[in-house]
Amino acid sequence: MADGDPVGADLQLGLTMTGDELERVLGHRFEDRALLEAALTHPSVGRQNSGRYHYERLEFLGDRVLGLVIAELLLTRYPTENEGALTRRLVALVRREAVLEVAHAIGLDRFLRASAAASGASRRERETALADGCEALIGALYLDGGLEAAASFIRRAWTPLLEAAAAPAQDAKTALQEWAQARGLPLPAYKVVVREGPAHRPAFTVEARVAGSAPAIGTGGSKRAAEQIAAAALLERLRAEHDGG
């Protein structure tokens, strides 16, 4: 998206389309309309100071719901692929660029409410707001209609991305290693910071670190999966910070 894209203007104008129209796009009628309003309100407006939920809390929830639903879709769609290939697909489908693509597809910029100051932010910050808002919508759908309401939207909205991803994305750990080596940095380091859950269903939280940068965290059902997710998160941030996106 070019810097001349009207996203910033749309955000500054606030809601230019009604909640009813967005509900038709989402395929869900909200019982608690405050959830929908919260999901569409950027923290810059101050929504976080009132109500039970707000944009950032809903985004936190929506991110996890998205990962769960996409993981289930991949298991069904690729029954013969191993965990490594599935993890690479998962990382590619839940990363910021993928969520932003869905946000644009549903016209979220017409609904999201933000302050004028936030609207005038950089392109990267505006795109982050749209991606975060999309995840917040998923969280709101989950709280209002349960997993099926959120999953129904995710299945429809992410199908084009699934169709386009015929081959697994590049291994995130390899890509991060290549990024570091290209800049003369030591190899990335990985550390398990939390291991929890029963033996038959463990959950690993891994920290990925590249010299000179803050670490990134990833959680998965195995150490390898958690490392891939952490590596992808760190690489995405490093590319945005150092390579312009």
# chains A, B, ... in the order shown; residues from 1 in each chain; ligands from 1
call {"tool": "residues_around", "arguments": {"residues": "Ala231 of chain A", "least_positions_apart": "4", "cutoff": "7 Å", "atoms": "only C-alpha atoms", "output": "ChimeraX atom specification"}}
result
/A:172-173,176,208,227,235
call {"tool": "write_last_selection", "arguments": {"atoms": "C-alpha atoms", "output": "tab-separated table (two decimals), in the first residue's frame"}}
result
chain	number	residue	atom	x	y	z
A	172	ALA	CA	11.26	-18.83	9.69
A	173	LYS	CA	14.38	-19.89	11.59
A	176	LEU	CA	16.03	-15.17	10.50
A	208	ALA	CA	14.18	-15.76	20.05
A	227	GLU	CA	10.93	-21.53	17.92
A	235	LEU	CA	12.00	-11.39	11.79
call {"tool": "closest_atom_pairs", "arguments": {"of": "segment 144-194 of chain A", "to": "segment 69-79 of chain A", "cutoff": "10 Å", "atoms": "only C-alpha atoms", "output": "CSV"}}
result
residue,atom,partner,partner_atom,distance
A:Leu147,CA,A:Val69,CA,8.7
A:Glu148,CA,A:Val69,CA,9.6
A:Ala150,CA,A:Val69,CA,8.5
A:Ala151,CA,A:Val69,CA,6.0
A:Ser152,CA,A:Val69,CA,9.4
A:Ile154,CA,A:Val69,CA,7.4
A:Arg155,CA,A:Leu73,CA,7.9
A:Trp158,CA,A:Ile70,CA,8.4
A:Thr159,CA,A:Leu73,CA,9.6
A:Leu162,CA,A:Leu74,CA,8.7
call {"tool": "residues_around", "arguments": {"residues": "segment 23-35 of chain A", "least_positions_apart": "2", "cutoff": "12 Å", "atoms": "only C-alpha atoms", "output": "ChimeraX atom specification"}}
result
/A:17-21,37-41,47,50-55,57-59,102-103,105-108,111,134,136-146,148-157
call {"tool": "residues_around", "arguments": {"residues": "Phe204 of chain A", "least_positions_apart": "4", "cutoff": "12 Å", "atoms": "only C-alpha atoms", "output": "MDAnalysis selection string"}}
result
chainID A and resid 190:199 217:230
call {"tool": "write_last_selection", "arguments": {"atoms": "N, CA and C atoms", "output": "PDB file, in the first residue's frame"}}
result
ATOM      1  N   TYR A 190      17.970 -19.148  20.816  1.00  0.00           N
ATOM      2  CA  TYR A 190      16.630 -19.543  21.260  1.00  0.00           C
ATOM      3  C   TYR A 190      16.706 -20.098  22.678  1.00  0.00           C
ATOM      4  N   LYS A 191      15.722 -19.761  23.480  1.00  0.00           N
ATOM      5  CA  LYS A 191      15.697 -20.198  24.871  1.00  0.00           C
ATOM      6  C   LYS A 191      14.266 -20.509  25.287  1.00  0.00           C
ATOM      7  N   VAL A 192      14.045 -21.691  25.864  1.00  0.00           N
ATOM      8  CA  VAL A 192      12.722 -22.035  26.399  1.00  0.00           C
ATOM      9  C   VAL A 192      12.544 -21.282  27.717  1.00  0.00           C
ATOM     10  N   VAL A 193      11.526 -20.443  27.779  1.00  0.00           N
ATOM     11  CA  VAL A 193      11.296 -19.667  28.998  1.00  0.00           C
ATOM     12  C   VAL A 193      10.161 -20.248  29.837  1.00  0.00           C
ATOM     13  N   VAL A 194       9.251 -20.986  29.217  1.00  0.00           N
ATOM     14  CA  VAL A 194       8.157 -21.626  29.954  1.00  0.00           C
ATOM     15  C   VAL A 194       7.817 -22.947  29.280  1.00  0.00           C
ATOM     16  N   ARG A 195       7.614 -23.989  30.118  1.00  0.00           N
ATOM     17  CA  ARG A 195       7.060 -25.245  29.630  1.00  0.00           C
ATOM     18  C   ARG A 195       5.938 -25.613  30.573  1.00  0.00           C
ATOM     19  N   GLU A 196       4.746 -25.761  30.024  1.00  0.00           N
ATOM     20  CA  GLU A 196       3.597 -26.046  30.867  1.00  0.00           C
ATOM     21  C   GLU A 196       2.681 -27.036  30.175  1.00  0.00           C
ATOM     22  N   GLY A 197       1.630 -27.424  30.879  1.00  0.00           N
ATOM     23  CA  GLY A 197       0.680 -28.378  30.339  1.00  0.00           C
ATOM     24  C   GLY A 197       1.058 -29.810  30.660  1.00  0.00           C
ATOM     25  N   PRO A 198       0.115 -30.730  30.473  1.00  0.00           N
ATOM     26  CA  PRO A 198       0.385 -32.150  30.738  1.00  0.00           C
ATOM     27  C   PRO A 198       1.357 -32.734  29.727  1.00  0.00           C
ATOM     28  N   ALA A 199       1.900 -33.891  30.043  1.00  0.00           N
ATOM     29  CA  ALA A 199       2.902 -34.516  29.182  1.00  0.00           C
ATOM     30  C   ALA A 199       2.359 -34.809  27.784  1.00  0.00           C
ATOM     31  N   ILE A 217       8.761 -13.524  21.401  1.00  0.00           N
ATOM     32  CA  ILE A 217       8.257 -14.718  22.078  1.00  0.00           C
ATOM     33  C   ILE A 217       7.338 -15.496  21.145  1.00  0.00           C
ATOM     34  N   GLY A 218       7.426 -16.830  21.233  1.00  0.00           N
ATOM     35  CA  GLY A 218       6.520 -17.696  20.493  1.00  0.00           C
ATOM     36  C   GLY A 218       6.083 -18.862  21.344  1.00  0.00           C
ATOM     37  N   THR A 219       4.844 -19.279  21.197  1.00  0.00           N
ATOM     38  CA  THR A 219       4.320 -20.404  21.967  1.00  0.00           C
ATOM     39  C   THR A 219       3.764 -21.456  21.023  1.00  0.00           C
ATOM     40  N   GLY A 220       4.102 -22.722  21.268  1.00  0.00           N
ATOM     41  CA  GLY A 220       3.629 -23.802  20.427  1.00  0.00           C
ATOM     42  C   GLY A 220       3.575 -25.113  21.174  1.00  0.00           C
ATOM     43  N   GLY A 221       3.035 -26.134  20.511  1.00  0.00           N
ATOM     44  CA  GLY A 221       2.888 -27.432  21.132  1.00  0.00           C
ATOM     45  C   GLY A 221       4.165 -28.235  21.192  1.00  0.00           C
ATOM     46  N   SER A 222       5.234 -27.727  20.603  1.00  0.00           N
ATOM     47  CA  SER A 222       6.543 -28.356  20.693  1.00  0.00           C
ATOM     48  C   SER A 222       7.582 -27.249  20.713  1.00  0.00           C
ATOM     49  N   LYS A 223       8.785 -27.605  21.133  1.00  0.00           N
ATOM     50  CA  LYS A 223       9.855 -26.615  21.151  1.00  0.00           C
ATOM     51  C   LYS A 223      10.127 -26.100  19.741  1.00  0.00           C
ATOM     52  N   ARG A 224      10.115 -27.002  18.757  1.00  0.00           N
ATOM     53  CA  ARG A 224      10.388 -26.600  17.374  1.00  0.00           C
ATOM     54  C   ARG A 224       9.339 -25.629  16.866  1.00  0.00           C
ATOM     55  N   ALA A 225       8.059 -25.917  17.134  1.00  0.00           N
ATOM     56  CA  ALA A 225       6.993 -25.033  16.673  1.00  0.00           C
ATOM     57  C   ALA A 225       7.094 -23.665  17.340  1.00  0.00           C
ATOM     58  N   ALA A 226       7.388 -23.656  18.638  1.00  0.00           N
ATOM     59  CA  ALA A 226       7.513 -22.381  19.354  1.00  0.00           C
ATOM     60  C   ALA A 226       8.689 -21.571  18.817  1.00  0.00           C
ATOM     61  N   GLU A 227       9.779 -22.232  18.487  1.00  0.00           N
ATOM     62  CA  GLU A 227      10.929 -21.529  17.925  1.00  0.00           C
ATOM     63  C   GLU A 227      10.583 -20.897  16.580  1.00  0.00           C
ATOM     64  N   GLN A 228       9.838 -21.626  15.747  1.00  0.00           N
ATOM     65  CA  GLN A 228       9.439 -21.090  14.444  1.00  0.00           C
ATOM     66  C   GLN A 228       8.572 -19.850  14.603  1.00  0.00           C
ATOM     67  N   ILE A 229       7.627 -19.904  15.518  1.00  0.00           N
ATOM     68  CA  ILE A 229       6.715 -18.776  15.726  1.00  0.00           C
ATOM     69  C   ILE A 229       7.475 -17.580  16.283  1.00  0.00           C
ATOM     70  N   ALA A 230       8.381 -17.828  17.231  1.00  0.00           N
ATOM     71  CA  ALA A 230       9.189 -16.739  17.791  1.00  0.00           C
ATOM     72  C   ALA A 230      10.102 -16.140  16.729  1.00  0.00           C
TER      73      ALA A 230
END
call {"tool": "atom_distance", "arguments": {"atom1": "atom CA of Ala92 of chain A", "atom2": "atom CA of Ala164 of chain A"}}
result
11.4 Å
call {"tool": "select_by_dssp", "arguments": {"residues": "segment 2-245 of chain A", "states": "strand (DSSP E or B)", "output": "PyMOL selection string"}}
result
chain A and resi 41+113+189-196+203-209+216-220
call {"tool": "write_last_selection", "arguments": {"atoms": "C-alpha atoms", "output": "mmCIF file, in the first residue's frame"}}
result
data_model
loop_
_atom_site.group_PDB
_atom_site.id
_atom_site.type_symbol
_atom_site.label_atom_id
_atom_site.label_comp_id
_atom_site.auth_asym_id
_atom_site.auth_seq_id
_atom_site.Cartn_x
_atom_site.Cartn_y
_atom_site.Cartn_z
ATOM 1 C CA THR A 41 -12.315 1.899 18.549
ATOM 2 C CA ARG A 113 -12.546 4.860 14.716
ATOM 3 C CA ALA A 189 19.667 -17.679 19.933
ATOM 4 C CA TYR A 190 16.630 -19.543 21.260
ATOM 5 C CA LYS A 191 15.697 -20.198 24.871
ATOM 6 C CA VAL A 192 12.722 -22.035 26.399
ATOM 7 C CA VAL A 193 11.296 -19.667 28.998
ATOM 8 C CA VAL A 194 8.157 -21.626 29.954
ATOM 9 C CA ARG A 195 7.060 -25.245 29.630
ATOM 10 C CA GLU A 196 3.597 -26.046 30.867
ATOM 11 C CA ALA A 203 2.997 -25.958 25.586
ATOM 12 C CA PHE A 204 6.388 -24.358 25.078
ATOM 13 C CA THR A 205 7.127 -20.650 25.181
ATOM 14 C CA VAL A 206 10.411 -19.788 23.496
ATOM 15 C CA GLU A 207 12.384 -16.558 23.313
ATOM 16 C CA ALA A 208 14.177 -15.756 20.047
ATOM 17 C CA ARG A 209 16.944 -13.187 20.147
ATOM 18 C CA ALA A 216 10.414 -12.022 20.523
ATOM 19 C CA ILE A 217 8.257 -14.718 22.078
ATOM 20 C CA GLY A 218 6.520 -17.696 20.493
ATOM 21 C CA THR A 219 4.320 -20.404 21.967
ATOM 22 C CA GLY A 220 3.629 -23.802 20.427
#
call {"tool": "closest_residue", "arguments": {"among": "A:Arg89, A:His42, A:Arg183, A:His200", "to": "Glu125 of chain A", "atoms": "only C-alpha atoms"}}
result
A:His42
call {"tool": "closest_residue", "arguments": {"among": "A:Leu187, A:Val94, A:Leu100, A:Ala232", "to": "Ala131 of chain A", "atoms": "only C-alpha atoms"}}
result
A:Leu100
call {"tool": "atom_distance", "arguments": {"atom1": "atom CA of Leu234 of chain A", "atom2": "atom CA of Ser213 of chain A"}}
result
9.0 Å
call {"tool": "atom_distance", "arguments": {"atom1": "atom CA of Ala240 of chain A", "atom2": "atom CA of Leu68 of chain A"}}
result
25.7 Å
call {"tool": "closest_residue", "arguments": {"among": "A:Glu163, A:Asp132, A:Glu236, A:Glu241", "to": "Ala175 of chain A", "atoms": "only C-alpha atoms"}}
result
A:Glu236
